[in-house]
Amino acid sequence: MAAALRAGKAFARGFSSRSVDGFVGAVGNTPLIRLTKLSEKTGCNIVGKAEFQNPGGSVKDRAALGVVEDAERRGLLKPGGTVVEGTAGNTGIGLAHVCRSKGYRCVIFMPNTQSQEKIDLLRMLGAEVYPVPAVAYENPANYNHQARDFAKNLPNAIWTDQFDNTANAQAHYVSTGPEIWEQTEGKVDAFICATGTGGTLAGTGRFLKEKSGGKTQIWLADPPGSVLHSYIESGGKLKDRSGSSITEGIGQGRITNNLGTFVDRLDGSLTIADEKSISMIYNLLDSEGLYIGASSALNVVAAVELAQKLGPGHTIATILCDGAYRYQSRLFSKKWLQAKGLESAIPEHLQKYAVLD
Ligand SMILES: Cc1ncc(COP(=O)(O)O)c(C=O)c1O
């Protein structure tokens with residue numbers, strides 16, 4: 001029996017050098033997709049990191065794993081512990097998966113204005129969800145503060161603090177950055193993406209900047225309603241905000257600690273209107289067969305605009321953050337787009353894809 005068990009364990013360990021261990025092993029190493037039509041159009045290589053292929057479905061799996069493993073390494077989280085975060089989106093999904101795979105309790109606080117689908121999904125993934133009143137960050141009842149206080153009062157618990165815990169950016173410094181460098185064989189002239197916490201841009205950008213000896217340009221892409229574009233354009237003097245955006249997970253009102261690790265080394269920033277992002281969602285579906293969310297589409301628009309700025313012969317990398325599945329009832333609904341004044345943003349010949357009422 002013991003020998004059989006030993007043999008079984010050895011078999012399990014040596015299963016195949018090409019397999020990975022569990023959910024955790026499947027995070028990262030995503031393909032880098034060359035967007036063929038846009039590359040032809042610009043004379044550049046426009047490449048997107050297929051982060052929707054992470055096992056939890058988004059780029060945030062990397063950050064979720066990064067903050068949990070950092071807490072483990074620092075001895076803050078021990079077996080049977082609890083992971084707490086304030087989030088309404090992809091980070092919560094990533095954390096719920098990571099917690100199940102590592103045997104932790106996962107507790108998520110979110111504003112009670114979020115859709116029932118989001119709450120249900122997190123609960124299906126085994127997380128405890130506390131919808132709390134949607135109040136401003138300055139109010140102690142804000143969901144982020146409630147998450148922090150919940151963890152503080154519990155033994156063997158951490159608040160992962162995705163915005164200001166720089167283990168988030170570090171996860172991209174050790175994974176996303178090196179992967180893009182390797183996949184482009186070091187020939188990446190520019191990297192551009194939007195930020196929520198700033199982890200992806202700061203971590204990936206810092207790695208590529210260092211590895212290229214400063215040659216790779218790193219740019220921020222910003223949706224309307226965010227202060228970051230004005231902050232970067234003005235050299236850190238202004239924090240102007242105008243308009244609002246239908247994109248989710250990106251745009252920011254402050255310089256988070258994660259973004260702060262790199263913000264002064266950014267080469268520039270582009271602001272992208274929602275009309276362009278919506279049009280790109282439909283274009284990528286029609287011409288590349290890719291079904292991606294609005295933040296990914298915004299990133300691709302930004303990569304194309306940067307390619308046009310730099311001229312033909314350059315390689316521009318960006319992030320395809322997640323799929324459209326989480327947003328389809330909005331992005332493919334004529335009624336919803338109409339209500340947002342965005343129906344006409346869909347090119348005439350692509351209106352056929354907006355099949356939902
Ligand atoms: C869909 C989507 N895109 C982009 C981002 C931004 O990534 P980061 O937080 O690393 O800046 C997020 C973050 O939650 C997201 O959910």
# chains A, B, ... in the order shown; residues from 1 in each chain; ligands from 1
>>> residues_near_ligand(ligand="ligand 1", cutoff="10 Å", atoms="only C-alpha atoms and all ligand atoms", output="PyMOL selection string")
chain A and resi 51-52+57-63+87-93+162-163+168-169+171-172+193-204+247-252+256+258-259+292-299+319-324+326-327
>>> residues_around(residues="region 134-144 of chain A", least_positions_apart="5", cutoff="9 Å", atoms="only C-alpha atoms", output="PyMOL selection string")
chain A and resi 85-87+109-113+149+161
>>> write_last_selection(atoms="N, CA and C atoms", output="mmCIF file, in the first residue's frame")
data_model
loop_
_atom_site.group_PDB
_atom_site.id
_atom_site.type_symbol
_atom_site.label_atom_id
_atom_site.label_comp_id
_atom_site.auth_asym_id
_atom_site.auth_seq_id
_atom_site.Cartn_x
_atom_site.Cartn_y
_atom_site.Cartn_z
ATOM 1 N N GLU A 85 -10.566 41.264 0.490
ATOM 2 C CA GLU A 85 -10.313 42.353 -0.460
ATOM 3 C C GLU A 85 -11.610 43.120 -0.701
ATOM 4 N N GLY A 86 -11.448 44.384 -1.053
ATOM 5 C CA GLY A 86 -12.584 45.194 -1.476
ATOM 6 C C GLY A 86 -12.512 45.280 -2.986
ATOM 7 N N THR A 87 -13.420 44.673 -3.681
ATOM 8 C CA THR A 87 -13.366 44.646 -5.150
ATOM 9 C C THR A 87 -14.724 44.274 -5.718
ATOM 10 N N PHE A 109 -15.621 42.374 -0.029
ATOM 11 C CA PHE A 109 -16.551 43.489 0.210
ATOM 12 C C PHE A 109 -16.723 44.234 -1.110
ATOM 13 N N MET A 110 -17.948 44.579 -1.429
ATOM 14 C CA MET A 110 -18.185 45.347 -2.668
ATOM 15 C C MET A 110 -19.366 46.305 -2.483
ATOM 16 N N PRO A 111 -19.404 47.381 -3.287
ATOM 17 C CA PRO A 111 -20.540 48.300 -3.178
ATOM 18 C C PRO A 111 -21.829 47.572 -3.570
ATOM 19 N N ASN A 112 -22.935 47.898 -2.862
ATOM 20 C CA ASN A 112 -24.184 47.164 -3.126
ATOM 21 C C ASN A 112 -24.881 47.601 -4.421
ATOM 22 N N THR A 113 -24.185 48.410 -5.226
ATOM 23 C CA THR A 113 -24.728 48.830 -6.522
ATOM 24 C C THR A 113 -24.325 47.839 -7.621
ATOM 25 N N ASP A 149 -10.673 46.710 7.741
ATOM 26 C CA ASP A 149 -11.013 46.554 9.169
ATOM 27 C C ASP A 149 -11.388 45.105 9.493
ATOM 28 N N ASP A 161 -5.304 44.545 -0.442
ATOM 29 C CA ASP A 161 -5.033 45.957 -0.751
ATOM 30 C C ASP A 161 -4.458 46.148 -2.156
#
>>> residues_around(residues="Lys237 (chain A)", least_positions_apart="6", cutoff="12 Å", atoms="only C-alpha atoms", output="tab-separated table (two decimals) with N, CA and C atoms, in the first residue's frame")
chain	number	residue	atom	x	y	z
A	227	VAL	N	-8.01	60.84	-14.06
A	227	VAL	CA	-7.14	62.03	-13.95
A	227	VAL	C	-5.73	61.76	-14.48
A	228	LEU	N	-5.44	60.52	-14.83
A	228	LEU	CA	-4.03	60.17	-15.09
A	228	LEU	C	-3.46	60.84	-16.34
A	229	HIS	N	-4.28	60.94	-17.40
A	229	HIS	CA	-3.77	61.56	-18.63
A	229	HIS	C	-3.31	62.99	-18.34
A	230	SER	N	-4.14	63.75	-17.64
A	230	SER	CA	-3.76	65.15	-17.37
A	230	SER	C	-2.54	65.20	-16.44
A	231	TYR	N	-2.45	64.26	-15.51
A	231	TYR	CA	-1.32	64.21	-14.58
A	231	TYR	C	-0.01	63.99	-15.35
>>> atom_distance(atom1="CA of Gly311 (chain A)", atom2="CA of Gly289 (chain A)")
26.1 Å
>>> residues_around(residues="Leu284 (chain A)", least_positions_apart="4", cutoff="10 Å", atoms="only C-alpha atoms", output="PyMOL selection string")
chain A and resi 35+37-38+279-280+288-292+297+300
>>> select_by_dssp(residues="region 217-310 of chain A", states="alpha helix (DSSP H)", output="ChimeraX atom specification")
/A:228-233,257-260,274-288,294-310
>>> write_last_selection(atoms="N, CA and C atoms", output="tab-separated table (two decimals), in the first residue's frame")
chain	number	residue	atom	x	y	z
A	228	LEU	N	-5.44	60.52	-14.83
A	228	LEU	CA	-4.03	60.17	-15.09
A	228	LEU	C	-3.46	60.84	-16.34
A	229	HIS	N	-4.28	60.94	-17.40
A	229	HIS	CA	-3.77	61.56	-18.63
A	229	HIS	C	-3.31	62.99	-18.34
A	230	SER	N	-4.14	63.75	-17.64
A	230	SER	CA	-3.76	65.15	-17.37
A	230	SER	C	-2.54	65.20	-16.44
A	231	TYR	N	-2.45	64.26	-15.51
A	231	TYR	CA	-1.32	64.21	-14.58
A	231	TYR	C	-0.01	63.99	-15.35
A	232	ILE	N	-0.04	63.06	-16.29
A	232	ILE	CA	1.20	62.72	-17.03
A	232	ILE	C	1.55	63.81	-18.04
A	233	GLU	N	0.53	64.30	-18.75
A	233	GLU	CA	0.76	65.38	-19.73
A	233	GLU	C	1.33	66.63	-19.09
A	257	ASN	N	-0.07	53.47	-5.02
A	257	ASN	CA	1.33	53.07	-4.75
A	257	ASN	C	1.88	52.25	-5.90
A	258	ASN	N	1.02	51.39	-6.51
A	258	ASN	CA	1.50	50.57	-7.62
A	258	ASN	C	1.93	51.43	-8.80
A	259	LEU	N	1.07	52.36	-9.21
A	259	LEU	CA	1.43	53.23	-10.33
A	259	LEU	C	2.63	54.10	-9.93
A	260	GLY	N	2.64	54.49	-8.68
A	260	GLY	CA	3.72	55.36	-8.16
A	260	GLY	C	5.11	54.76	-8.30
A	274	ASP	N	-14.70	56.59	-25.62
A	274	ASP	CA	-15.48	55.34	-25.60
A	274	ASP	C	-15.93	54.92	-27.00
A	275	GLU	N	-16.23	55.90	-27.87
A	275	GLU	CA	-16.69	55.56	-29.23
A	275	GLU	C	-15.66	54.68	-29.93
A	276	LYS	N	-14.38	55.02	-29.76
A	276	LYS	CA	-13.31	54.25	-30.41
A	276	LYS	C	-13.19	52.85	-29.80
A	277	SER	N	-13.35	52.76	-28.48
A	277	SER	CA	-13.24	51.45	-27.82
A	277	SER	C	-14.38	50.54	-28.27
A	278	ILE	N	-15.59	51.09	-28.33
A	278	ILE	CA	-16.74	50.29	-28.77
A	278	ILE	C	-16.53	49.81	-30.20
A	279	SER	N	-16.11	50.71	-31.07
A	279	SER	CA	-15.88	50.34	-32.47
A	279	SER	C	-14.83	49.22	-32.55
A	280	MET	N	-13.79	49.30	-31.73
A	280	MET	CA	-12.72	48.29	-31.77
A	280	MET	C	-13.20	46.93	-31.26
A	281	ILE	N	-14.12	46.92	-30.28
A	281	ILE	CA	-14.67	45.63	-29.81
A	281	ILE	C	-15.26	44.88	-31.00
A	282	TYR	N	-16.06	45.60	-31.80
A	282	TYR	CA	-16.74	44.97	-32.94
A	282	TYR	C	-15.77	44.65	-34.08
A	283	ASN	N	-14.80	45.53	-34.29
A	283	ASN	CA	-13.80	45.30	-35.35
A	283	ASN	C	-12.95	44.08	-35.06
A	284	LEU	N	-12.53	43.92	-33.81
A	284	LEU	CA	-11.67	42.78	-33.46
A	284	LEU	C	-12.44	41.47	-33.58
A	285	LEU	N	-13.73	41.54	-33.27
A	285	LEU	CA	-14.57	40.36	-33.40
A	285	LEU	C	-14.69	39.97	-34.88
A	286	ASP	N	-14.96	40.98	-35.69
A	286	ASP	CA	-15.20	40.72	-37.12
A	286	ASP	C	-13.92	40.34	-37.86
A	287	SER	N	-12.82	41.04	-37.57
A	287	SER	CA	-11.63	40.84	-38.41
A	287	SER	C	-10.63	39.87	-37.82
A	288	GLU	N	-10.63	39.67	-36.49
A	288	GLU	CA	-9.65	38.76	-35.89
A	288	GLU	C	-10.32	37.59	-35.18
A	294	ALA	N	-14.11	45.85	-22.95
A	294	ALA	CA	-13.88	47.24	-23.39
A	294	ALA	C	-12.49	47.76	-23.01
A	295	SER	N	-11.93	47.32	-21.87
A	295	SER	CA	-10.60	47.84	-21.51
A	295	SER	C	-9.56	47.29	-22.48
A	296	SER	N	-9.74	46.04	-22.94
A	296	SER	CA	-8.82	45.46	-23.93
A	296	SER	C	-8.93	46.21	-25.24
A	297	ALA	N	-10.17	46.53	-25.64
A	297	ALA	CA	-10.38	47.25	-26.90
A	297	ALA	C	-9.74	48.63	-26.83
A	298	LEU	N	-9.89	49.29	-25.69
A	298	LEU	CA	-9.25	50.61	-25.51
A	298	LEU	C	-7.73	50.47	-25.66
A	299	ASN	N	-7.18	49.40	-25.08
A	299	ASN	CA	-5.73	49.18	-25.19
A	299	ASN	C	-5.30	49.01	-26.64
A	300	VAL	N	-6.11	48.28	-27.42
A	300	VAL	CA	-5.74	48.05	-28.83
A	300	VAL	C	-5.83	49.36	-29.62
A	301	VAL	N	-6.88	50.16	-29.38
A	301	VAL	CA	-6.98	51.47	-30.04
A	301	VAL	C	-5.71	52.27	-29.73
A	302	ALA	N	-5.32	52.26	-28.46
A	302	ALA	CA	-4.14	53.03	-28.04
A	302	ALA	C	-2.87	52.50	-28.72
A	303	ALA	N	-2.75	51.18	-28.85
A	303	ALA	CA	-1.57	50.60	-29.50
A	303	ALA	C	-1.50	51.03	-30.96
A	304	VAL	N	-2.66	51.07	-31.63
A	304	VAL	CA	-2.70	51.50	-33.03
A	304	VAL	C	-2.32	52.99	-33.14
A	305	GLU	N	-2.84	53.81	-32.24
A	305	GLU	CA	-2.52	55.25	-32.30
A	305	GLU	C	-1.04	55.49	-32.01
A	306	LEU	N	-0.47	54.68	-31.11
A	306	LEU	CA	0.95	54.83	-30.81
A	306	LEU	C	1.79	54.37	-32.00
A	307	ALA	N	1.33	53.30	-32.67
A	307	ALA	CA	2.03	52.82	-33.88
A	307	ALA	C	2.04	53.92	-34.93
A	308	GLN	N	0.91	54.62	-35.07
A	308	GLN	CA	0.83	55.70	-36.07
A	308	GLN	C	1.77	56.86	-35.70
A	309	LYS	N	1.92	57.09	-34.41
A	309	LYS	CA	2.84	58.13	-33.94
A	309	LYS	C	4.30	57.75	-34.23
A	310	LEU	N	4.64	56.48	-33.95
A	310	LEU	CA	6.03	56.04	-34.08
A	310	LEU	C	6.42	55.75	-35.52
>>> residues_around(residues="Ser333 (chain A)", least_positions_apart="4", cutoff="9 Å", atoms="only C-alpha atoms", output="NGL selection string")
:A and (328-329 or 337-338 or 354-357)
>>> closest_residue(among="A:Leu154, A:Met124, A:Ala71, A:Leu266", to="Gly205 (chain A)", atoms="only C-alpha atoms")
A:Leu266
>>> atom_distance(atom1="CA of Gly80 (chain A)", atom2="CA of Val67 (chain A)")
16.5 Å
>>> residues_around(residues="Asn156 (chain A)", least_positions_apart="2", cutoff="7 Å", atoms="only C-alpha atoms", output="list in words")
Leu76, Leu77, Lys78, Gly81, Thr82, Leu154 and Ile158 of chain A
>>> atom_distance(atom1="CA of Ile192 (chain A)", atom2="CA of Asp240 (chain A)")
21.1 Å
>>> select_by_dssp(residues="region 118-304 of chain A", states="strand (DSSP E)", output="list in words")
Glu128, Val129, Tyr130, Pro131, Val132, Ala157, Ile158, Trp159, Ala190, Phe191, Ile192, Cys193, Gln217, Ile218, Trp219, Leu220, Ala221, Asp222, Gly268, Ser269, Leu270 and Thr271 of chain A
>>> closest_residue(among="A:Phe207, A:Trp219, A:Phe262, A:Tyr173", to="Thr318 (chain A)", atoms="only C-alpha atoms")
A:Trp219
>>> residues_around(residues="Ser244 (chain A)", least_positions_apart="3", cutoff="8 Å", atoms="only C-alpha atoms", output="PyMOL selection string")
chain A and resi 223-226
